[in-house]
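Single-structure report; data block below.
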Amino acid sequence: MNQDHHPCVIGYQTHIIIWLGLLALTALTIVVAGMHLKGLSIVVALAVAACKCSLVCLFFMHLKYESFFLKTLFLVTILLLASFIGLTYIDIFFREGVMK
Amino acid sequence: MKAFSPIEKHQDYTGAKMGLWIFLFGELLLFGAMFILYSVFRHWYPQDFHNASRSLNMITGTVHTLVLLTSSLTMVLSITAIQKGNKKLCLTFLFLTILLGLLFMVNKYFEWEHKIHNGIYPGSEFLLAQAKGVMVFFSLYYSMVGIHGLHVIIGIVLLSWIFWEVLKKPDHHSRWDAFLHKDFPGCHLAIVDAQGKEVWKGEVFDDSVKQIHLRVSYHPVKERIHFHDFISLENCGLYWHLVDMIWIFLFPLYYLIS
């Protein structure tokens, strides 16, 4: 009953360190938002948000310790979403007369 | 006496986890579609979005973020606690998570109450008089943050349910049944240790004993808690972290662009 792969137990400490990292990144995103970087600020905000999401996903959701199959499924979903975004933007940038 | 066999409950750890992840992928696409809408409209009305975002309080947004991030931490700590066999600590962290979830909703209530009081809600006269981009911004704000809030409420309900489950359950039960009534009279039940010494001995059975049900309850110590036992807790945790992840994107996109 108990033979298949046991998820490894990650200590309290690791999680607290990840949480501190998340807080630091939150502070970073607020500081950068206050610096009025114009176009660059959205890039930085999204990059920081992506970092935070990765931390939550990998450590809090234990994705780092999951099977290769689940990791692949996750990646496929992200690629699917990215392709939706990409295709939408192709329409917006390159098609004449998109409703505005 | 015929060998007793424990009644096993069917459990599928990998299947349960995979199922929840597939559900989460669906959720990602749901919110992803809304983020696409947001980005397109923001691309069309950058100035209006910039102006509209000014009415959102950055401090409130930061408090939301801190509360949700901390609740994610307490959630994952409660899973670590149960893995280490500490049921009390697990319940404490779970309770904190629920509390932080409620705090988020109370905070949200005051934020929205304030906004609606100031006449900022979809279809309000104030908003209809604004530029088109401002209207779009608030429509998106209310739908995205609203659906996110709905997820938080569902998460709180799930966590409360799992709190109850952990509270009454992780004692693992096994049951053995025997119906050999002809053999029972004159014998007694006993528990023997490894050396064959009787640790406990019951009374001698008379004719009235027709069957024996033996139920073994394990206490939630580290050796007794198997990872199959807390899959529901892990799944609720996964859902809760997804809610947190979505907020991580909502926060800079709505509160930090002015």
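Naming scheme: A, B, ... for chains in displayed order of the structure tokens; residues 1 onward per chain; ligands 1 onward as shown.
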
For chain A, report every residue with an atom at most 8 Å from chain B (counting only C-alpha atoms), formatted as a ChimeraX atom specification.
/A:2,6-7,9-12,15-16,19,22-23,29-30,33,42,45-46,49,52-53,56-57,60-61,70,74,77,81,85,88-89,92,100

Among range 2-217 of chain B, which residues carry a DSSP assignment of strand (DSSP E), reported as JSON, numbers by chain?
{"B": [172, 173, 174, 175, 176, 177, 178, 188, 189, 190, 191, 192, 198, 199, 200, 201, 202, 203, 204, 212, 213, 214, 215, 216, 217]}

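CA of Thr97 in chain B to CA of Ala27 in chain A spans 22.2 Å [interatomic distance, one decimal].
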
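Here the question is which of A:Val48, A:Ala82, A:Leu55, A:Val76 gets nearest to Leu20 in chain A using only C-alpha atoms, and that residue is A:Leu55.
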
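When CA of Asn57 in chain B is paired with CA of Gly21 in chain A, their separation reads 23.9 Å.
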
Could you list, as a PyMOL selection string, every residue within 10 Å of range 103-105 of chain B, counting only C-alpha atoms and ignoring same-chain residues fewer than 4 positions away?
chain B and resi 63-68+71+97-99+109-111+149-150+152-153+156

So that I can check the surroundings of Gly133 in chain B, please list as a PDB file with N, CA and C atoms, in the first residue's frame every protein, DNA and RNA residue that reaches within 7 Å of it, counting only C-alpha atoms and ignoring chain neighbours fewer than 3 positions away.
```
ATOM      1  N   TYR B  45      -5.739  51.469 -24.193  1.00  0.00           N
ATOM      2  CA  TYR B  45      -6.007  52.671 -23.380  1.00  0.00           C
ATOM      3  C   TYR B  45      -4.968  52.816 -22.273  1.00  0.00           C
ATOM      4  N   ASP B  48      -5.772  55.870 -19.792  1.00  0.00           N
ATOM      5  CA  ASP B  48      -6.973  55.676 -18.968  1.00  0.00           C
ATOM      6  C   ASP B  48      -6.712  54.669 -17.851  1.00  0.00           C
ATOM      7  N   PHE B  49      -5.994  53.580 -18.196  1.00  0.00           N
ATOM      8  CA  PHE B  49      -5.694  52.561 -17.184  1.00  0.00           C
ATOM      9  C   PHE B  49      -4.841  53.174 -16.079  1.00  0.00           C
ATOM     10  N   VAL B 136     -13.643  50.409 -18.869  1.00  0.00           N
ATOM     11  CA  VAL B 136     -13.138  49.061 -19.145  1.00  0.00           C
ATOM     12  C   VAL B 136     -12.281  48.583 -17.981  1.00  0.00           C
ATOM     13  N   PHE B 137     -11.434  49.485 -17.481  1.00  0.00           N
ATOM     14  CA  PHE B 137     -10.551  49.121 -16.365  1.00  0.00           C
ATOM     15  C   PHE B 137     -11.364  48.603 -15.181  1.00  0.00           C
TER      16      PHE B 137
END
```

Of the residues B:Tyr142, B:Asp193, B:Leu20, B:His50, which is the one nearest to Lys38 in chain A, using only C-alpha atoms?
B:His50

Write down as a VMD selection string the residues belonging to range 22-95 of chain A that are assigned alpha helix (DSSP H) by DSSP computed on the backbone.
chain A and resid 22 to 33 39 to 55 68 to 94

What is the distance, in Å and to one decimal place, between CA of Asn107 in chain B and CA of Tyr121 in chain B?
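Taking CA of Asn107 in chain B and CA of Tyr121 in chain B, their separation equals 17.5 Å.
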
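Close contacts of Asn51 in chain B, defined as residues with an atom at most 8 Å away when counting only C-alpha atoms, with chain neighbours fewer than 4 positions off set aside, comprise Gln47, Ser55, Val134 and Ser258 of chain B.
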
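Nearest residue to Ser53 in chain B among B:Phe184, B:Trp161, B:Tyr141, B:Phe179 is B:Tyr141, counting only C-alpha atoms.
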